Every structure is written in structure tokens, then in C-alpha cells.
Amino acid sequence: MAFDPTQMDVIDRRQVEAMVLGPMLRAFQKEIGVEKTNAIARTVITDLAREQGSQFAKGIGANGLEDYASNKDAWRRQGALEVDIIESTSSKYSFDVTRCKYAEMYTELGYGDLGDIFSCTRDFEFSSGFNSDVKLVRTQTIMQGASHCDFRYSLDEPKTDA
């Protein structure tokens with residue numbers, strides 16, 4: 001049986017990734033600089049996230065916003081995210097993250113400054129890969145020092161000819 005990382009809770013996957021990528025990025029930061037290293041890492045991770053979003057849609061056999069919302073449990077397991085759902089319809093999915101154990105875990109590992117690259121930047125590209133018509137607006141994150149993360153997803157209703 002082949003190893004399938006998608007069967008792991010996401011927070012466990014992110015911890016394993018951080019334990020490998022963190023020291024590697026630190027070494028590259030020393031050699032080629034922080035900005036260049038972080039830009040390369042961000043590009044690679046967002047490309048992966050877009051592909052993972054596409055695979056997620058294929059795996060659940062749907063790509064509507066309600067489908068997206070109803071399948072986010074893997075990110076919340078082990079209390080990884082505490083959220084307040086504001087709205088959940090076929091065209092809007094809005095919530096605030098009030099506690100983020102991802103941020104806490106990265107800080108504990110000594111990579112709090114890389115947490116945004118490891119996790120937060122994935123959000124936009126993952127949803128784009130899931131459905132390119134899904135739009136995400138987020139103005140702040142706990143990872144960057146805010147009191148909460150504000151996720152506002154939207155999906156325009158399909159236009160019909162009258």
C-alpha cells in the first residue's frame with residue numbers, strides 16, 4: 001500500500017513539512033538571502049497548493065463553494081483551527097479563525113516567520129485550483145499578528161440567458 005499524505009491531518013502534515021523545510025530554508029536564507037529564498041519557497045508552495053486544490057475537487061467530485069466548505073474538516077482536526085462561521089451559502093462562505101494552532105506550532109518550532117509561507121499563502125491558490133471562479137478576500141491573519149483571520153470566499157452565480 002502506497003503512502004498517502006492526504007490521509008494525515010493537515011496540521012500533522014504541516015509540522016512534518018516545517019521540520020524539513022524550516023532548516024533548509026534557513027540554510028538558503030544564509031546563502032542567497034532571506035527575500036530571494038522566501039520568494040522561491042512561496043512560488044513553489046503556492047504552485048503545489050493550486051495543484052492540491054485541483055486534486056481536492058477531483059477527489060470529492062465537485063467544485064462548488066458549498067462542497068468546498070463542507071469538506072474543510074481535515075484542516076480543523078485536532079482543534080487546529082477554531083472558527084466562527086459567518087455565512088455559508090452556495091455563493092458565499094465567510095468565517096473568522098479565532099485560534100490557529102498552525103501559527104502556534106510554527107512559533108514553537110522556531111519558524112513563526114515562515115508560517116505565512118508554509119500555510120497562509122496556500123489558501124488563495126488552493127481555492128483557485130479547486131475552482132478558478134472562487135474568490136478569496138482575506139485582510140489579516142493570526143500568523144501575521146492579527147487577533148483573527150478573516151476568510152471571505154465568494155462564487156458568482158452562473159449567468160443564465162433570459
# chains A, B, ... in the order shown; residues from 1 in each chain; ligands from 1
>>> residues_around(residues="A:Thr46", least_positions_apart="3", cutoff="6 Å", atoms="only C-alpha atoms", output="count of residues only")
5
>>> select_by_dssp(residues="stretch 12-139 of chain A", states="helix (DSSP H, G or I)", output="MDAnalysis selection string")
chainID A and resid 12:32 34:60 65:70 73:79 101:109 115:120 122:130
>>> write_last_selection(atoms="C-alpha atoms", output="mmCIF file, in the first residue's frame")
data_model
loop_
_atom_site.group_PDB
_atom_site.id
_atom_site.type_symbol
_atom_site.label_atom_id
_atom_site.label_comp_id
_atom_site.auth_asym_id
_atom_site.auth_seq_id
_atom_site.Cartn_x
_atom_site.Cartn_y
_atom_site.Cartn_z
ATOM 1 C CA ASP A 12 0.444 16.896 11.166
ATOM 2 C CA ARG A 13 1.471 17.253 7.517
ATOM 3 C CA ARG A 14 2.409 20.898 8.033
ATOM 4 C CA GLN A 15 4.502 20.015 11.091
ATOM 5 C CA VAL A 16 6.462 17.355 9.211
ATOM 6 C CA GLU A 17 6.922 19.743 6.284
ATOM 7 C CA ALA A 18 8.121 22.542 8.589
ATOM 8 C CA MET A 19 10.591 20.252 10.321
ATOM 9 C CA VAL A 20 12.196 19.522 6.942
ATOM 10 C CA LEU A 21 11.683 22.806 5.101
ATOM 11 C CA GLY A 22 12.471 25.091 8.038
ATOM 12 C CA PRO A 23 16.143 24.126 8.385
ATOM 13 C CA MET A 24 16.519 24.006 4.605
ATOM 14 C CA LEU A 25 15.065 27.497 4.142
ATOM 15 C CA ARG A 26 17.245 28.845 6.959
ATOM 16 C CA ALA A 27 20.342 27.486 5.178
ATOM 17 C CA PHE A 28 19.238 29.004 1.862
ATOM 18 C CA GLN A 29 18.461 32.311 3.593
ATOM 19 C CA LYS A 30 22.074 32.442 4.797
ATOM 20 C CA GLU A 31 23.460 31.612 1.350
ATOM 21 C CA ILE A 32 21.237 33.577 -1.050
ATOM 22 C CA VAL A 34 16.011 35.991 3.011
ATOM 23 C CA GLU A 35 13.986 37.749 0.307
ATOM 24 C CA LYS A 36 15.097 35.520 -2.565
ATOM 25 C CA THR A 37 14.728 32.337 -0.521
ATOM 26 C CA ASN A 38 11.263 33.278 0.693
ATOM 27 C CA ALA A 39 10.132 34.289 -2.804
ATOM 28 C CA ILE A 40 11.248 30.945 -4.246
ATOM 29 C CA ALA A 41 9.634 28.993 -1.396
ATOM 30 C CA ARG A 42 6.388 30.968 -1.758
ATOM 31 C CA THR A 43 6.266 30.238 -5.501
ATOM 32 C CA VAL A 44 6.865 26.513 -5.049
ATOM 33 C CA ILE A 45 4.356 26.176 -2.211
ATOM 34 C CA THR A 46 1.617 28.146 -3.981
ATOM 35 C CA ASP A 47 2.109 26.059 -7.136
ATOM 36 C CA LEU A 48 1.718 22.924 -5.013
ATOM 37 C CA ALA A 49 -1.381 24.380 -3.339
ATOM 38 C CA ARG A 50 -3.044 25.103 -6.685
ATOM 39 C CA GLU A 51 -2.469 21.506 -7.777
ATOM 40 C CA GLN A 52 -3.685 20.186 -4.420
ATOM 41 C CA GLY A 53 -6.859 22.269 -4.760
ATOM 42 C CA SER A 54 -7.489 20.744 -8.172
ATOM 43 C CA GLN A 55 -6.915 17.247 -6.794
ATOM 44 C CA PHE A 56 -9.221 18.015 -3.866
ATOM 45 C CA ALA A 57 -12.044 18.958 -6.262
ATOM 46 C CA LYS A 58 -11.458 15.799 -8.290
ATOM 47 C CA GLY A 59 -11.364 13.701 -5.128
ATOM 48 C CA ILE A 60 -14.723 14.921 -3.849
ATOM 49 C CA LEU A 65 -18.486 26.613 -2.739
ATOM 50 C CA GLU A 66 -20.777 24.550 -0.522
ATOM 51 C CA ASP A 67 -18.726 21.473 -1.424
ATOM 52 C CA TYR A 68 -15.568 23.346 -0.506
ATOM 53 C CA ALA A 69 -16.999 24.461 2.841
ATOM 54 C CA SER A 70 -18.352 21.046 3.783
ATOM 55 C CA ASP A 73 -12.691 19.259 8.302
ATOM 56 C CA ALA A 74 -9.162 17.994 7.588
ATOM 57 C CA TRP A 75 -7.801 21.493 8.259
ATOM 58 C CA ARG A 76 -9.658 21.732 11.578
ATOM 59 C CA ARG A 77 -8.950 18.303 13.069
ATOM 60 C CA GLN A 78 -7.225 18.184 16.445
ATOM 61 C CA GLY A 79 -8.652 21.646 17.127
ATOM 62 C CA LYS A 101 -2.716 26.093 16.135
ATOM 63 C CA TYR A 102 -0.734 26.216 12.900
ATOM 64 C CA ALA A 103 0.651 29.613 13.954
ATOM 65 C CA GLU A 104 1.304 28.295 17.445
ATOM 66 C CA MET A 105 3.075 25.216 16.095
ATOM 67 C CA TYR A 106 5.324 27.187 13.718
ATOM 68 C CA THR A 107 6.288 29.531 16.547
ATOM 69 C CA GLU A 108 7.089 26.577 18.831
ATOM 70 C CA LEU A 109 9.293 25.097 16.098
ATOM 71 C CA GLY A 115 4.370 30.184 8.836
ATOM 72 C CA ASP A 116 2.797 32.570 6.362
ATOM 73 C CA ILE A 117 4.748 30.895 3.556
ATOM 74 C CA PHE A 118 4.158 27.363 4.843
ATOM 75 C CA SER A 119 0.400 27.770 5.350
ATOM 76 C CA CYS A 120 -1.324 31.097 4.747
ATOM 77 C CA ARG A 122 -1.680 28.330 0.216
ATOM 78 C CA ASP A 123 -5.226 29.481 0.891
ATOM 79 C CA PHE A 124 -5.617 31.643 -2.208
ATOM 80 C CA GLU A 125 -4.068 29.193 -4.644
ATOM 81 C CA PHE A 126 -5.723 26.124 -3.134
ATOM 82 C CA SER A 127 -9.167 27.659 -3.664
ATOM 83 C CA SER A 128 -8.155 28.780 -7.162
ATOM 84 C CA GLY A 129 -7.097 25.235 -8.026
ATOM 85 C CA PHE A 130 -10.336 23.918 -6.551
#
>>> select_by_dssp(residues="stretch 52-160 of chain A", states="strand (DSSP E)", output="number ranges by chain")
A: 81-88, 92-100, 134-137, 149-155
>>> write_last_selection(atoms="N, CA and C atoms", output="PDB file, in the first residue's frame")
ATOM      1  N   LEU A  81      -7.880  24.631  14.045  1.00  0.00           N
ATOM      2  CA  LEU A  81      -8.463  25.952  13.807  1.00  0.00           C
ATOM      3  C   LEU A  81      -9.759  26.058  14.591  1.00  0.00           C
ATOM      4  N   GLU A  82      -9.912  27.150  15.292  1.00  0.00           N
ATOM      5  CA  GLU A  82     -11.193  27.465  15.916  1.00  0.00           C
ATOM      6  C   GLU A  82     -11.795  28.571  15.074  1.00  0.00           C
ATOM      7  N   VAL A  83     -13.024  28.330  14.599  1.00  0.00           N
ATOM      8  CA  VAL A  83     -13.630  29.272  13.660  1.00  0.00           C
ATOM      9  C   VAL A  83     -15.037  29.671  14.081  1.00  0.00           C
ATOM     10  N   ASP A  84     -15.396  30.859  13.673  1.00  0.00           N
ATOM     11  CA  ASP A  84     -16.765  31.345  13.772  1.00  0.00           C
ATOM     12  C   ASP A  84     -17.273  31.499  12.348  1.00  0.00           C
ATOM     13  N   ILE A  85     -18.251  30.666  11.993  1.00  0.00           N
ATOM     14  CA  ILE A  85     -18.840  30.750  10.654  1.00  0.00           C
ATOM     15  C   ILE A  85     -19.771  31.953  10.623  1.00  0.00           C
ATOM     16  N   ILE A  86     -19.591  32.793   9.647  1.00  0.00           N
ATOM     17  CA  ILE A  86     -20.412  33.989   9.500  1.00  0.00           C
ATOM     18  C   ILE A  86     -21.518  33.758   8.484  1.00  0.00           C
ATOM     19  N   GLU A  87     -21.165  33.112   7.370  1.00  0.00           N
ATOM     20  CA  GLU A  87     -22.142  32.862   6.307  1.00  0.00           C
ATOM     21  C   GLU A  87     -21.687  31.651   5.509  1.00  0.00           C
ATOM     22  N   SER A  88     -22.647  30.798   5.155  1.00  0.00           N
ATOM     23  CA  SER A  88     -22.320  29.639   4.345  1.00  0.00           C
ATOM     24  C   SER A  88     -23.495  29.356   3.411  1.00  0.00           C
ATOM     25  N   LYS A  92     -21.489  32.301  -0.988  1.00  0.00           N
ATOM     26  CA  LYS A  92     -20.614  32.952  -0.012  1.00  0.00           C
ATOM     27  C   LYS A  92     -20.282  31.982   1.123  1.00  0.00           C
ATOM     28  N   TYR A  93     -19.021  32.001   1.499  1.00  0.00           N
ATOM     29  CA  TYR A  93     -18.555  31.221   2.634  1.00  0.00           C
ATOM     30  C   TYR A  93     -17.602  32.127   3.396  1.00  0.00           C
ATOM     31  N   SER A  94     -18.053  32.596   4.530  1.00  0.00           N
ATOM     32  CA  SER A  94     -17.280  33.560   5.317  1.00  0.00           C
ATOM     33  C   SER A  94     -17.118  33.044   6.732  1.00  0.00           C
ATOM     34  N   PHE A  95     -15.898  33.163   7.237  1.00  0.00           N
ATOM     35  CA  PHE A  95     -15.634  32.768   8.617  1.00  0.00           C
ATOM     36  C   PHE A  95     -14.413  33.497   9.133  1.00  0.00           C
ATOM     37  N   ASP A  96     -14.335  33.567  10.449  1.00  0.00           N
ATOM     38  CA  ASP A  96     -13.155  34.104  11.117  1.00  0.00           C
ATOM     39  C   ASP A  96     -12.472  32.964  11.857  1.00  0.00           C
ATOM     40  N   VAL A  97     -11.171  32.889  11.747  1.00  0.00           N
ATOM     41  CA  VAL A  97     -10.384  31.965  12.553  1.00  0.00           C
ATOM     42  C   VAL A  97     -10.010  32.732  13.815  1.00  0.00           C
ATOM     43  N   THR A  98     -10.428  32.205  14.956  1.00  0.00           N
ATOM     44  CA  THR A  98     -10.165  32.878  16.227  1.00  0.00           C
ATOM     45  C   THR A  98      -8.980  32.267  16.980  1.00  0.00           C
ATOM     46  N   ARG A  99      -8.610  31.059  16.603  1.00  0.00           N
ATOM     47  CA  ARG A  99      -7.403  30.430  17.141  1.00  0.00           C
ATOM     48  C   ARG A  99      -6.798  29.577  16.041  1.00  0.00           C
ATOM     49  N   CYS A 100      -5.489  29.714  15.881  1.00  0.00           N
ATOM     50  CA  CYS A 100      -4.782  28.986  14.828  1.00  0.00           C
ATOM     51  C   CYS A 100      -3.615  28.228  15.445  1.00  0.00           C
ATOM     52  N   VAL A 134     -13.795  30.714  -7.722  1.00  0.00           N
ATOM     53  CA  VAL A 134     -13.902  31.025  -6.292  1.00  0.00           C
ATOM     54  C   VAL A 134     -12.910  32.141  -5.987  1.00  0.00           C
ATOM     55  N   LYS A 135     -13.402  33.165  -5.341  1.00  0.00           N
ATOM     56  CA  LYS A 135     -12.556  34.295  -4.953  1.00  0.00           C
ATOM     57  C   LYS A 135     -12.432  34.318  -3.433  1.00  0.00           C
ATOM     58  N   LEU A 136     -11.230  34.613  -2.964  1.00  0.00           N
ATOM     59  CA  LEU A 136     -10.973  34.738  -1.537  1.00  0.00           C
ATOM     60  C   LEU A 136     -10.464  36.136  -1.251  1.00  0.00           C
ATOM     61  N   VAL A 137     -11.065  36.763  -0.269  1.00  0.00           N
ATOM     62  CA  VAL A 137     -10.561  38.022   0.264  1.00  0.00           C
ATOM     63  C   VAL A 137     -10.220  37.755   1.726  1.00  0.00           C
ATOM     64  N   CYS A 149      -8.156  35.705  11.734  1.00  0.00           N
ATOM     65  CA  CYS A 149      -8.058  35.664  10.271  1.00  0.00           C
ATOM     66  C   CYS A 149      -9.471  35.827   9.730  1.00  0.00           C
ATOM     67  N   ASP A 150      -9.625  36.649   8.709  1.00  0.00           N
ATOM     68  CA  ASP A 150     -10.958  36.877   8.135  1.00  0.00           C
ATOM     69  C   ASP A 150     -11.024  36.310   6.710  1.00  0.00           C
ATOM     70  N   PHE A 151     -11.613  35.155   6.592  1.00  0.00           N
ATOM     71  CA  PHE A 151     -11.765  34.492   5.302  1.00  0.00           C
ATOM     72  C   PHE A 151     -13.123  34.850   4.712  1.00  0.00           C
ATOM     73  N   ARG A 152     -13.130  35.355   3.479  1.00  0.00           N
ATOM     74  CA  ARG A 152     -14.363  35.707   2.783  1.00  0.00           C
ATOM     75  C   ARG A 152     -14.290  35.140   1.366  1.00  0.00           C
ATOM     76  N   TYR A 153     -14.882  33.961   1.210  1.00  0.00           N
ATOM     77  CA  TYR A 153     -14.924  33.315  -0.095  1.00  0.00           C
ATOM     78  C   TYR A 153     -16.218  33.707  -0.803  1.00  0.00           C
ATOM     79  N   SER A 154     -16.142  33.823  -2.115  1.00  0.00           N
ATOM     80  CA  SER A 154     -17.358  34.073  -2.889  1.00  0.00           C
ATOM     81  C   SER A 154     -17.257  33.346  -4.221  1.00  0.00           C
ATOM     82  N   LEU A 155     -18.401  33.034  -4.738  1.00  0.00           N
ATOM     83  CA  LEU A 155     -18.511  32.385  -6.040  1.00  0.00           C
ATOM     84  C   LEU A 155     -19.709  32.997  -6.726  1.00  0.00           C
TER      85      LEU A 155
END
>>> atom_distance(atom1="atom CA of A:Asn131", atom2="atom CA of A:Val10")
20.3 Å
>>> closest_residue(among="A:Ala2, A:Asp9, A:Ile142, A:Asn71", to="A:Gly112", atoms="only C-alpha atoms")
A:Ile142
>>> decode(residues="stretch 19-40 of chain A", atoms="N, CA, C and O atoms", output="CSV table (one decimal), in the first residue's frame")
chain,number,residue,atom,x,y,z
A,19,MET,N,9.4,20.8,9.7
A,19,MET,CA,10.6,20.3,10.3
A,19,MET,C,11.7,20.0,9.3
A,19,MET,O,12.9,19.9,9.6
A,20,VAL,N,11.2,19.7,8.0
A,20,VAL,CA,12.2,19.5,6.9
A,20,VAL,C,12.5,20.8,6.2
A,20,VAL,O,13.7,21.2,6.0
A,21,LEU,N,11.5,21.6,5.9
A,21,LEU,CA,11.7,22.8,5.1
A,21,LEU,C,12.3,23.9,5.9
A,21,LEU,O,13.1,24.7,5.4
A,22,GLY,N,12.0,24.0,7.2
A,22,GLY,CA,12.5,25.1,8.0
A,22,GLY,C,14.0,25.2,8.0
A,22,GLY,O,14.6,26.2,7.7
A,23,PRO,N,14.7,24.1,8.4
A,23,PRO,CA,16.1,24.1,8.4
A,23,PRO,C,16.7,24.4,7.0
A,23,PRO,O,17.7,25.1,6.8
A,24,MET,N,16.0,23.8,6.0
A,24,MET,CA,16.5,24.0,4.6
A,24,MET,C,16.4,25.5,4.2
A,24,MET,O,17.3,26.1,3.6
A,25,LEU,N,15.2,26.1,4.5
A,25,LEU,CA,15.1,27.5,4.1
A,25,LEU,C,16.0,28.4,4.9
A,25,LEU,O,16.6,29.4,4.4
A,26,ARG,N,16.3,28.1,6.2
A,26,ARG,CA,17.2,28.8,7.0
A,26,ARG,C,18.6,28.8,6.3
A,26,ARG,O,19.3,29.8,6.2
A,27,ALA,N,19.0,27.6,5.8
A,27,ALA,CA,20.3,27.5,5.2
A,27,ALA,C,20.4,28.3,3.9
A,27,ALA,O,21.4,29.0,3.6
A,28,PHE,N,19.3,28.2,3.1
A,28,PHE,CA,19.2,29.0,1.9
A,28,PHE,C,19.2,30.5,2.2
A,28,PHE,O,19.8,31.3,1.4
A,29,GLN,N,18.5,30.9,3.2
A,29,GLN,CA,18.5,32.3,3.6
A,29,GLN,C,19.9,32.8,3.9
A,29,GLN,O,20.2,34.0,3.5
A,30,LYS,N,20.7,32.0,4.5
A,30,LYS,CA,22.1,32.4,4.8
A,30,LYS,C,22.9,32.5,3.5
A,30,LYS,O,23.8,33.4,3.4
A,31,GLU,N,22.7,31.7,2.6
A,31,GLU,CA,23.5,31.6,1.3
A,31,GLU,C,23.0,32.6,0.3
A,31,GLU,O,23.9,33.3,-0.3
A,32,ILE,N,21.7,32.7,0.1
A,32,ILE,CA,21.2,33.6,-1.1
A,32,ILE,C,20.4,34.7,-0.6
A,32,ILE,O,19.9,35.5,-1.4
A,33,GLY,N,20.1,34.8,0.7
A,33,GLY,CA,19.3,35.9,1.2
A,33,GLY,C,17.9,35.6,1.6
A,33,GLY,O,17.3,34.6,1.0
A,34,VAL,N,17.4,36.3,2.5
A,34,VAL,CA,16.0,36.0,3.0
A,34,VAL,C,15.0,36.2,1.9
A,34,VAL,O,14.1,35.4,1.7
A,35,GLU,N,15.0,37.4,1.3
A,35,GLU,CA,14.0,37.7,0.3
A,35,GLU,C,13.9,36.8,-0.8
A,35,GLU,O,12.8,36.3,-1.2
A,36,LYS,N,15.1,36.4,-1.4
A,36,LYS,CA,15.1,35.5,-2.6
A,36,LYS,C,14.6,34.1,-2.2
A,36,LYS,O,13.9,33.5,-2.9
A,37,THR,N,15.1,33.7,-1.0
A,37,THR,CA,14.7,32.3,-0.5
A,37,THR,C,13.2,32.3,-0.3
A,37,THR,O,12.6,31.3,-0.7
A,38,ASN,N,12.7,33.3,0.4
A,38,ASN,CA,11.3,33.3,0.7
A,38,ASN,C,10.4,33.4,-0.6
A,38,ASN,O,9.4,32.8,-0.7
A,39,ALA,N,10.9,34.2,-1.5
A,39,ALA,CA,10.1,34.3,-2.8
A,39,ALA,C,10.1,32.9,-3.5
A,39,ALA,O,9.0,32.6,-4.1
A,40,ILE,N,11.2,32.3,-3.6
A,40,ILE,CA,11.2,30.9,-4.2
A,40,ILE,C,10.3,30.0,-3.5
A,40,ILE,O,9.5,29.3,-4.1
